[in-house]
Structures are given as C-alpha cells and as structure tokens.
>>> print(open('upload09.cif').read())   # mmCIF, C-alpha atoms
data_data
#
loop_
_atom_site.group_PDB
_atom_site.id
_atom_site.type_symbol
_atom_site.label_atom_id
_atom_site.label_comp_id
_atom_site.auth_asym_id
_atom_site.auth_seq_id
_atom_site.Cartn_x
_atom_site.Cartn_y
_atom_site.Cartn_z
ATOM 1 C CA MET A 1 0.000 0.000 0.000
ATOM 2 C CA THR A 2 1.373 3.419 -0.937
ATOM 3 C CA PHE A 3 1.748 6.365 1.388
ATOM 4 C CA THR A 4 -0.944 8.231 -0.598
ATOM 5 C CA ALA A 5 -3.404 5.361 -0.167
ATOM 6 C CA ILE A 6 -2.687 5.151 3.568
ATOM 7 C CA ALA A 7 -3.047 8.933 3.990
ATOM 8 C CA THR A 8 -6.308 8.934 2.020
ATOM 9 C CA ALA A 9 -7.704 6.064 4.098
ATOM 10 C CA ALA A 10 -6.656 7.784 7.339
ATOM 11 C CA ALA A 11 -8.254 11.070 6.246
ATOM 12 C CA ALA A 12 -11.474 9.250 5.330
ATOM 13 C CA MET A 13 -11.569 7.499 8.715
ATOM 14 C CA LEU A 14 -11.026 10.806 10.523
ATOM 15 C CA ALA A 15 -13.831 12.435 8.523
ATOM 16 C CA ILE A 16 -16.190 9.571 9.357
ATOM 17 C CA ALA A 17 -15.217 9.680 13.043
ATOM 18 C CA TYR A 18 -15.718 13.455 13.115
ATOM 19 C CA GLY A 19 -19.159 13.136 11.535
ATOM 20 C CA ALA A 20 -20.195 10.361 13.910
ATOM 21 C CA GLY A 21 -18.845 12.343 16.850
ATOM 22 C CA GLN A 22 -21.215 15.215 16.142
ATOM 23 C CA PHE A 23 -24.122 12.908 16.995
ATOM 24 C CA MET A 24 -22.551 11.630 20.205
ATOM 25 C CA SER A 25 -23.232 14.118 22.938
ATOM 26 C CA ARG A 26 -23.894 14.391 26.628
ATOM 27 C CA GLN A 27 -24.676 17.375 28.801
ATOM 28 C CA ILE A 28 -23.941 18.207 32.411
ATOM 29 C CA ALA A 29 -26.205 20.986 33.687
ATOM 30 C CA THR A 30 -26.259 22.620 37.117
ATOM 31 C CA GLU A 31 -28.113 25.599 38.571
ATOM 32 C CA ILE A 32 -28.075 27.715 41.715
ATOM 33 C CA THR A 33 -29.940 30.820 42.893
ATOM 34 C CA ILE A 34 -27.681 33.620 44.082
ATOM 35 C CA ASP A 35 -29.047 36.413 46.285
ATOM 36 C CA ALA A 36 -27.277 39.139 44.311
ATOM 37 C CA PRO A 37 -27.947 41.059 41.092
ATOM 38 C CA ALA A 38 -26.594 39.637 37.837
ATOM 39 C CA SER A 39 -24.089 42.499 37.587
ATOM 40 C CA VAL A 40 -22.455 41.423 40.884
ATOM 41 C CA VAL A 41 -22.421 37.752 39.874
ATOM 42 C CA TRP A 42 -20.961 38.678 36.479
ATOM 43 C CA GLN A 43 -18.244 40.831 38.046
ATOM 44 C CA THR A 44 -17.281 37.948 40.334
ATOM 45 C CA LEU A 45 -17.246 35.539 37.393
ATOM 46 C CA VAL A 46 -15.040 37.730 35.168
ATOM 47 C CA GLU A 47 -12.479 38.609 37.856
ATOM 48 C CA THR A 48 -10.468 35.608 36.739
ATOM 49 C CA ASP A 49 -7.260 36.746 38.465
ATOM 50 C CA SER A 50 -8.854 35.775 41.793
ATOM 51 C CA TYR A 51 -10.060 32.286 40.760
ATOM 52 C CA ALA A 52 -7.248 30.584 42.685
ATOM 53 C CA ASP A 53 -8.549 32.276 45.861
ATOM 54 C CA TRP A 54 -12.107 30.984 45.696
ATOM 55 C CA ASN A 55 -12.847 28.713 42.732
ATOM 56 C CA PRO A 56 -12.442 25.013 43.614
ATOM 57 C CA PHE A 57 -12.979 23.831 40.019
ATOM 58 C CA ILE A 58 -11.484 26.362 37.576
ATOM 59 C CA ARG A 59 -8.208 27.052 39.281
ATOM 60 C CA LYS A 60 -6.797 29.308 36.553
ATOM 61 C CA LEU A 61 -8.366 31.265 33.709
ATOM 62 C CA ASN A 62 -6.179 33.719 31.807
ATOM 63 C CA GLY A 63 -7.000 35.721 28.727
ATOM 64 C CA THR A 64 -9.480 38.263 27.467
ATOM 65 C CA LEU A 65 -13.145 37.313 27.776
ATOM 66 C CA VAL A 66 -14.059 38.490 24.288
ATOM 67 C CA GLN A 67 -15.647 36.445 21.504
ATOM 68 C CA GLY A 68 -13.010 34.688 19.405
ATOM 69 C CA GLU A 69 -10.212 34.993 21.980
ATOM 70 C CA ARG A 70 -8.245 32.001 23.280
ATOM 71 C CA LEU A 71 -7.956 31.442 27.011
ATOM 72 C CA ALA A 72 -5.512 29.460 29.127
ATOM 73 C CA ALA A 73 -7.431 27.401 31.668
ATOM 74 C CA THR A 74 -6.686 24.871 34.374
ATOM 75 C CA ILE A 75 -9.487 22.821 35.838
ATOM 76 C CA ALA A 76 -9.169 20.510 38.808
ATOM 77 C CA PRO A 77 -12.095 18.074 39.109
ATOM 78 C CA GLU A 78 -12.290 16.569 42.575
ATOM 79 C CA GLY A 79 -10.077 13.522 42.880
ATOM 80 C CA LYS A 80 -8.542 14.025 39.415
ATOM 81 C CA SER A 81 -5.295 15.556 38.231
ATOM 82 C CA PRO A 82 -5.496 19.182 37.085
ATOM 83 C CA MET A 83 -5.972 19.588 33.337
ATOM 84 C CA ASP A 84 -4.764 22.496 31.204
ATOM 85 C CA PHE A 85 -6.545 23.466 28.001
ATOM 86 C CA SER A 86 -6.999 26.450 25.685
ATOM 87 C CA PRO A 87 -10.676 27.110 25.020
ATOM 88 C CA GLN A 88 -11.980 29.704 22.589
ATOM 89 C CA VAL A 89 -14.585 32.228 23.765
ATOM 90 C CA LEU A 90 -17.852 31.870 21.852
ATOM 91 C CA VAL A 91 -20.029 34.350 23.783
ATOM 92 C CA ALA A 92 -19.206 37.067 26.310
ATOM 93 C CA ASP A 93 -22.467 38.948 26.845
ATOM 94 C CA GLU A 94 -22.044 41.099 29.962
ATOM 95 C CA ASN A 95 -24.360 40.185 32.851
ATOM 96 C CA ARG A 96 -25.986 37.443 30.734
ATOM 97 C CA GLU A 97 -23.738 34.731 29.318
ATOM 98 C CA LEU A 98 -20.181 33.484 29.045
ATOM 99 C CA ARG A 99 -19.524 30.474 26.790
ATOM 100 C CA TRP A 100 -16.406 28.808 25.405
ATOM 101 C CA VAL A 101 -15.418 25.644 23.570
ATOM 102 C CA GLY A 102 -12.449 23.456 24.354
ATOM 103 C CA ARG A 103 -11.200 20.509 22.327
ATOM 104 C CA LEU A 104 -9.060 17.455 22.847
ATOM 105 C CA VAL A 105 -6.489 17.536 20.016
ATOM 106 C CA LEU A 106 -8.855 17.558 16.989
ATOM 107 C CA PRO A 107 -12.457 18.724 16.555
ATOM 108 C CA GLY A 108 -14.841 15.794 16.880
ATOM 109 C CA LEU A 109 -12.790 13.688 19.295
ATOM 110 C CA PHE A 110 -13.912 15.287 22.563
ATOM 111 C CA ASP A 111 -15.285 18.824 22.427
ATOM 112 C CA GLY A 112 -16.748 20.638 25.410
ATOM 113 C CA GLU A 113 -18.929 23.723 25.086
ATOM 114 C CA HIS A 114 -18.919 25.226 28.578
ATOM 115 C CA TYR A 115 -21.508 27.826 29.556
ATOM 116 C CA PHE A 116 -22.488 30.189 32.340
ATOM 117 C CA VAL A 117 -25.907 31.807 31.939
ATOM 118 C CA LEU A 118 -27.192 34.485 34.336
ATOM 119 C CA GLU A 119 -30.891 35.354 34.626
ATOM 120 C CA GLU A 120 -31.885 38.086 37.066
ATOM 121 C CA ALA A 121 -35.315 38.405 38.653
ATOM 122 C CA GLY A 122 -36.215 40.365 41.754
ATOM 123 C CA GLY A 123 -32.612 41.172 42.657
ATOM 124 C CA LYS A 124 -31.621 37.498 42.596
ATOM 125 C CA THR A 125 -29.735 35.669 39.870
ATOM 126 C CA THR A 126 -30.338 32.188 38.594
ATOM 127 C CA PHE A 127 -26.908 30.909 37.600
ATOM 128 C CA ARG A 128 -26.913 28.076 35.076
ATOM 129 C CA HIS A 129 -23.583 26.352 34.659
ATOM 130 C CA GLY A 130 -22.976 23.408 32.402
ATOM 131 C CA GLU A 131 -21.252 21.856 29.465
ATOM 132 C CA THR A 132 -22.291 19.987 26.346
ATOM 133 C CA PHE A 133 -19.768 17.357 25.338
ATOM 134 C CA ARG A 134 -19.559 16.019 21.778
ATOM 135 C CA GLY A 135 -17.300 13.632 19.937
ATOM 136 C CA VAL A 136 -16.363 10.027 19.474
ATOM 137 C CA LEU A 137 -14.682 9.875 22.911
ATOM 138 C CA VAL A 138 -17.617 11.353 24.870
ATOM 139 C CA TYR A 139 -18.856 8.162 26.460
ATOM 140 C CA PRO A 140 -15.528 6.610 27.503
ATOM 141 C CA LEU A 141 -14.073 9.899 28.799
ATOM 142 C CA LEU A 142 -17.202 10.966 30.669
ATOM 143 C CA ALA A 143 -17.309 7.535 32.274
ATOM 144 C CA LEU A 144 -13.948 8.508 33.784
ATOM 145 C CA ILE A 145 -14.522 12.194 34.595
ATOM 146 C CA GLY A 146 -18.257 12.889 34.384
ATOM 147 C CA GLU A 147 -19.117 12.537 38.057
ATOM 148 C CA SER A 148 -16.138 14.550 39.286
ATOM 149 C CA THR A 149 -16.842 17.218 36.655
ATOM 150 C CA GLU A 150 -20.433 17.643 37.831
ATOM 151 C CA THR A 151 -19.224 17.737 41.441
ATOM 152 C CA GLY A 152 -16.740 20.443 40.408
ATOM 153 C CA PHE A 153 -19.436 22.505 38.688
ATOM 154 C CA ASN A 154 -21.597 22.369 41.833
ATOM 155 C CA ALA A 155 -18.656 23.248 44.092
ATOM 156 C CA MET A 156 -17.864 26.244 41.881
ATOM 157 C CA ASN A 157 -21.524 27.321 41.986
ATOM 158 C CA VAL A 158 -21.595 27.244 45.799
ATOM 159 C CA ALA A 159 -18.319 29.182 46.012
ATOM 160 C CA LEU A 160 -19.518 31.744 43.439
ATOM 161 C CA LYS A 161 -22.756 32.178 45.402
ATOM 162 C CA ALA A 162 -20.857 32.824 48.646
ATOM 163 C CA ARG A 163 -18.471 35.283 47.032
ATOM 164 C CA ALA A 164 -21.128 37.212 45.053
ATOM 165 C CA GLU A 165 -23.510 37.401 48.024
ATOM 166 C CA ALA A 166 -20.696 38.724 50.229
ATOM 167 C CA ALA A 167 -19.846 41.327 47.555
ATOM 168 C CA ALA A 168 -23.516 42.362 47.299
ATOM 169 C CA GLN A 169 -23.643 42.873 51.085
ATOM 170 C CA SER A 170 -20.619 45.175 51.174
#
>>> encode(input="upload09.cif", output="structure tokens")
Amino acid sequence: MTFTAIATAAAAMLAIAYGAGQFMSRQIATEITIDAPASVVWQTLVETDSYADWNPFIRKLNGTLVQGERLAATIAPEGKSPMDFSPQVLVADENRELRWVGRLVLPGLFDGEHYFVLEEAGGKTTFRHGETFRGVLVYPLLALIGESTETGFNAMNVALKARAEAAAQS
C-alpha cells in the first residue's frame, strides 16, 4: 500500500469519526440561585485573576473574555489531576452569558462547550452552569470524569454564590 493510499484512508476514517462524533453528545447541567444582582455575579465571574482564591474547580483562567479569543485554563475536578486546556470564547455577553469551547487535540474527538448563563429576577440571579460534550470519545471519557466534573461545577456554583452574596452585602 502506498503512502498516498494510507493517507487517504486515514483522512477518510477521521472524517467519518468526526461526523459520527457530532451525533454523540452528553450534557452536564447545574443551577443555583444567588441572592445578588446579575451584575455582581458577572463581576465575580469575570475577575479571573482571583479564581485561585475561591474557585475550587477552575483554578486558573487567563485571557481576554471576548468572543473569538483564546484562554488558558486549568481545571481541577475533585479527585482528578489538574488539566490544562486552551478554550476559545464563543459568547461574552455582559451580565448574561459566558460560553467557550475546548477541544481534545482535533475537533470531533472530545469537544466541550462550557456555559455560564445568568438570569436576574427580583434582585436574585439564577446561575446556570454546564457543558455539552460532543465527539467520538464522549462516552468513555465521561465515564472517567463525568461525576467529578459535575461535582466540580456544583462546588464552583456554591463558592460563586458565597463570594457574590458577600460582595452584594458590602
């Protein structure tokens, strides 16, 4: 078999895997009510320099929170080794939504679209925090990290609530 034939076959297999991976998805969704206006919750969320002080899940987040920008992130799911990745910001709508996508090596293997959605009503904010995972490795990888990831999301939510409510009181 020639190199060209092998390369063509490999490219075809990657294309098929990518296409199949778009149909394989799983979502982790969490929610918490924070007794603070959305503007206070947002300000707490975007002060990424202080994440190491209060955020038990996203230990580091560097970069500009602007659509299209790349970030440098470190997450530390409970009981797992910290993981570094470079997500791209998809949405940064002040006081409403922050969303990014991170990928494992190539699109379609294991993609995670992470979101934070803020909805204010009556001076309180409903904070929705989750991630939609897609790709051919979704099921095996989430079998390994899914539970600790959801635990991490909830721990971050509780810490964000405490920090934003304290800021709203001062």
>>> atom_distance(input="upload09.cif", atom1="atom CA of Val158 of chain A", atom2="atom CA of Leu137 of chain A")
29.6 Å
>>> resolve_selection(input="upload09.cif", expression="the PyMOL selection byres ((chain A and resi 58) around 12)", output="number ranges by chain")
A: 45, 48-57, 59-62, 72-78, 82-85, 114, 149, 152-157, 159-160
>>> atom_distance(input="upload09.cif", atom1="atom CA of Ile32 of chain A", atom2="atom CA of Lys80 of chain A")
24.0 Å
>>> closest_residue(input="upload09.cif", among="A:Leu98, A:Val105, A:Ile6, A:Ile145", to="Ser86 of chain A", atoms="all atoms listed in the file")
A:Val105
>>> resolve_selection(input="upload09.cif", expression="the PyMOL selection byres ((chain A and resi 164) around 12)", output="PyMOL selection string")
chain A and resi 33-47+54+124-125+127+156-163+165-170
>>> decode(input="upload09.cif", residues="segment 82-118 of chain A", atoms="N, CA and C atoms", output="PDB file, in the first residue's frame")
ATOM      1  N   PRO A  82      -5.143  17.959  37.808  1.00  0.00           N
ATOM      2  CA  PRO A  82      -5.496  19.182  37.085  1.00  0.00           C
ATOM      3  C   PRO A  82      -5.260  19.001  35.581  1.00  0.00           C
ATOM      4  N   MET A  83      -6.078  19.681  34.788  1.00  0.00           N
ATOM      5  CA  MET A  83      -5.972  19.588  33.337  1.00  0.00           C
ATOM      6  C   MET A  83      -5.897  20.996  32.751  1.00  0.00           C
ATOM      7  N   ASP A  84      -4.913  21.223  31.906  1.00  0.00           N
ATOM      8  CA  ASP A  84      -4.764  22.496  31.204  1.00  0.00           C
ATOM      9  C   ASP A  84      -5.363  22.369  29.812  1.00  0.00           C
ATOM     10  N   PHE A  85      -6.026  23.429  29.360  1.00  0.00           N
ATOM     11  CA  PHE A  85      -6.545  23.466  28.001  1.00  0.00           C
ATOM     12  C   PHE A  85      -6.689  24.910  27.558  1.00  0.00           C
ATOM     13  N   SER A  86      -6.923  25.106  26.267  1.00  0.00           N
ATOM     14  CA  SER A  86      -6.999  26.450  25.685  1.00  0.00           C
ATOM     15  C   SER A  86      -8.323  26.628  24.950  1.00  0.00           C
ATOM     16  N   PRO A  87      -9.385  26.934  25.686  1.00  0.00           N
ATOM     17  CA  PRO A  87     -10.676  27.110  25.020  1.00  0.00           C
ATOM     18  C   PRO A  87     -10.762  28.432  24.265  1.00  0.00           C
ATOM     19  N   GLN A  88     -11.716  28.482  23.351  1.00  0.00           N
ATOM     20  CA  GLN A  88     -11.980  29.704  22.589  1.00  0.00           C
ATOM     21  C   GLN A  88     -13.328  30.264  23.030  1.00  0.00           C
ATOM     22  N   VAL A  89     -13.354  31.564  23.318  1.00  0.00           N
ATOM     23  CA  VAL A  89     -14.585  32.228  23.765  1.00  0.00           C
ATOM     24  C   VAL A  89     -15.570  32.296  22.606  1.00  0.00           C
ATOM     25  N   LEU A  90     -16.781  31.811  22.847  1.00  0.00           N
ATOM     26  CA  LEU A  90     -17.852  31.870  21.852  1.00  0.00           C
ATOM     27  C   LEU A  90     -18.794  33.038  22.110  1.00  0.00           C
ATOM     28  N   VAL A  91     -19.104  33.279  23.395  1.00  0.00           N
ATOM     29  CA  VAL A  91     -20.029  34.350  23.783  1.00  0.00           C
ATOM     30  C   VAL A  91     -19.511  34.993  25.059  1.00  0.00           C
ATOM     31  N   ALA A  92     -19.518  36.311  25.095  1.00  0.00           N
ATOM     32  CA  ALA A  92     -19.206  37.067  26.310  1.00  0.00           C
ATOM     33  C   ALA A  92     -20.172  38.246  26.349  1.00  0.00           C
ATOM     34  N   ASP A  93     -21.383  37.970  26.810  1.00  0.00           N
ATOM     35  CA  ASP A  93     -22.467  38.948  26.845  1.00  0.00           C
ATOM     36  C   ASP A  93     -22.629  39.403  28.296  1.00  0.00           C
ATOM     37  N   GLU A  94     -22.115  40.590  28.593  1.00  0.00           N
ATOM     38  CA  GLU A  94     -22.044  41.099  29.962  1.00  0.00           C
ATOM     39  C   GLU A  94     -23.369  40.933  30.713  1.00  0.00           C
ATOM     40  N   ASN A  95     -23.242  40.405  31.925  1.00  0.00           N
ATOM     41  CA  ASN A  95     -24.360  40.185  32.851  1.00  0.00           C
ATOM     42  C   ASN A  95     -25.352  39.125  32.379  1.00  0.00           C
ATOM     43  N   ARG A  96     -25.047  38.429  31.269  1.00  0.00           N
ATOM     44  CA  ARG A  96     -25.986  37.443  30.734  1.00  0.00           C
ATOM     45  C   ARG A  96     -25.374  36.070  30.469  1.00  0.00           C
ATOM     46  N   GLU A  97     -24.250  36.034  29.731  1.00  0.00           N
ATOM     47  CA  GLU A  97     -23.738  34.731  29.318  1.00  0.00           C
ATOM     48  C   GLU A  97     -22.248  34.781  28.984  1.00  0.00           C
ATOM     49  N   LEU A  98     -21.560  33.739  29.428  1.00  0.00           N
ATOM     50  CA  LEU A  98     -20.181  33.484  29.045  1.00  0.00           C
ATOM     51  C   LEU A  98     -20.132  32.038  28.572  1.00  0.00           C
ATOM     52  N   ARG A  99     -19.545  31.808  27.397  1.00  0.00           N
ATOM     53  CA  ARG A  99     -19.524  30.474  26.790  1.00  0.00           C
ATOM     54  C   ARG A  99     -18.219  30.304  26.027  1.00  0.00           C
ATOM     55  N   TRP A 100     -17.613  29.115  26.157  1.00  0.00           N
ATOM     56  CA  TRP A 100     -16.406  28.808  25.405  1.00  0.00           C
ATOM     57  C   TRP A 100     -16.433  27.358  24.970  1.00  0.00           C
ATOM     58  N   VAL A 101     -15.560  27.032  24.017  1.00  0.00           N
ATOM     59  CA  VAL A 101     -15.418  25.644  23.570  1.00  0.00           C
ATOM     60  C   VAL A 101     -13.954  25.236  23.694  1.00  0.00           C
ATOM     61  N   GLY A 102     -13.769  24.047  24.256  1.00  0.00           N
ATOM     62  CA  GLY A 102     -12.449  23.456  24.354  1.00  0.00           C
ATOM     63  C   GLY A 102     -12.444  22.127  23.614  1.00  0.00           C
ATOM     64  N   ARG A 103     -11.300  21.743  23.114  1.00  0.00           N
ATOM     65  CA  ARG A 103     -11.200  20.509  22.327  1.00  0.00           C
ATOM     66  C   ARG A 103     -10.008  19.685  22.767  1.00  0.00           C
ATOM     67  N   LEU A 104     -10.161  18.376  22.635  1.00  0.00           N
ATOM     68  CA  LEU A 104      -9.060  17.455  22.847  1.00  0.00           C
ATOM     69  C   LEU A 104      -8.443  17.159  21.493  1.00  0.00           C
ATOM     70  N   VAL A 105      -7.300  17.714  21.222  1.00  0.00           N
ATOM     71  CA  VAL A 105      -6.489  17.536  20.016  1.00  0.00           C
ATOM     72  C   VAL A 105      -7.198  18.005  18.750  1.00  0.00           C
ATOM     73  N   LEU A 106      -8.169  17.247  18.247  1.00  0.00           N
ATOM     74  CA  LEU A 106      -8.855  17.558  16.989  1.00  0.00           C
ATOM     75  C   LEU A 106     -10.348  17.739  17.218  1.00  0.00           C
ATOM     76  N   PRO A 107     -11.001  18.617  16.452  1.00  0.00           N
ATOM     77  CA  PRO A 107     -12.457  18.724  16.555  1.00  0.00           C
ATOM     78  C   PRO A 107     -13.109  17.366  16.275  1.00  0.00           C
ATOM     79  N   GLY A 108     -14.101  17.026  17.098  1.00  0.00           N
ATOM     80  CA  GLY A 108     -14.841  15.794  16.880  1.00  0.00           C
ATOM     81  C   GLY A 108     -14.384  14.627  17.727  1.00  0.00           C
ATOM     82  N   LEU A 109     -13.227  14.765  18.389  1.00  0.00           N
ATOM     83  CA  LEU A 109     -12.790  13.688  19.295  1.00  0.00           C
ATOM     84  C   LEU A 109     -13.482  13.834  20.643  1.00  0.00           C
ATOM     85  N   PHE A 110     -13.287  15.000  21.276  1.00  0.00           N
ATOM     86  CA  PHE A 110     -13.912  15.287  22.563  1.00  0.00           C
ATOM     87  C   PHE A 110     -13.954  16.799  22.695  1.00  0.00           C
ATOM     88  N   ASP A 111     -15.100  17.377  22.376  1.00  0.00           N
ATOM     89  CA  ASP A 111     -15.285  18.824  22.427  1.00  0.00           C
ATOM     90  C   ASP A 111     -16.216  19.148  23.589  1.00  0.00           C
ATOM     91  N   GLY A 112     -15.896  20.201  24.313  1.00  0.00           N
ATOM     92  CA  GLY A 112     -16.748  20.638  25.410  1.00  0.00           C
ATOM     93  C   GLY A 112     -17.133  22.087  25.240  1.00  0.00           C
ATOM     94  N   GLU A 113     -18.429  22.342  25.143  1.00  0.00           N
ATOM     95  CA  GLU A 113     -18.929  23.723  25.086  1.00  0.00           C
ATOM     96  C   GLU A 113     -19.458  24.075  26.469  1.00  0.00           C
ATOM     97  N   HIS A 114     -18.671  24.865  27.187  1.00  0.00           N
ATOM     98  CA  HIS A 114     -18.919  25.226  28.578  1.00  0.00           C
ATOM     99  C   HIS A 114     -19.713  26.529  28.611  1.00  0.00           C
ATOM    100  N   TYR A 115     -20.699  26.606  29.507  1.00  0.00           N
ATOM    101  CA  TYR A 115     -21.508  27.826  29.556  1.00  0.00           C
ATOM    102  C   TYR A 115     -21.829  28.244  30.982  1.00  0.00           C
ATOM    103  N   PHE A 116     -21.989  29.557  31.128  1.00  0.00           N
ATOM    104  CA  PHE A 116     -22.488  30.189  32.340  1.00  0.00           C
ATOM    105  C   PHE A 116     -23.586  31.147  31.872  1.00  0.00           C
ATOM    106  N   VAL A 117     -24.790  30.952  32.325  1.00  0.00           N
ATOM    107  CA  VAL A 117     -25.907  31.807  31.939  1.00  0.00           C
ATOM    108  C   VAL A 117     -26.488  32.426  33.207  1.00  0.00           C
ATOM    109  N   LEU A 118     -26.661  33.755  33.193  1.00  0.00           N
ATOM    110  CA  LEU A 118     -27.192  34.485  34.336  1.00  0.00           C
ATOM    111  C   LEU A 118     -28.556  35.054  33.974  1.00  0.00           C
TER     112      LEU A 118
END
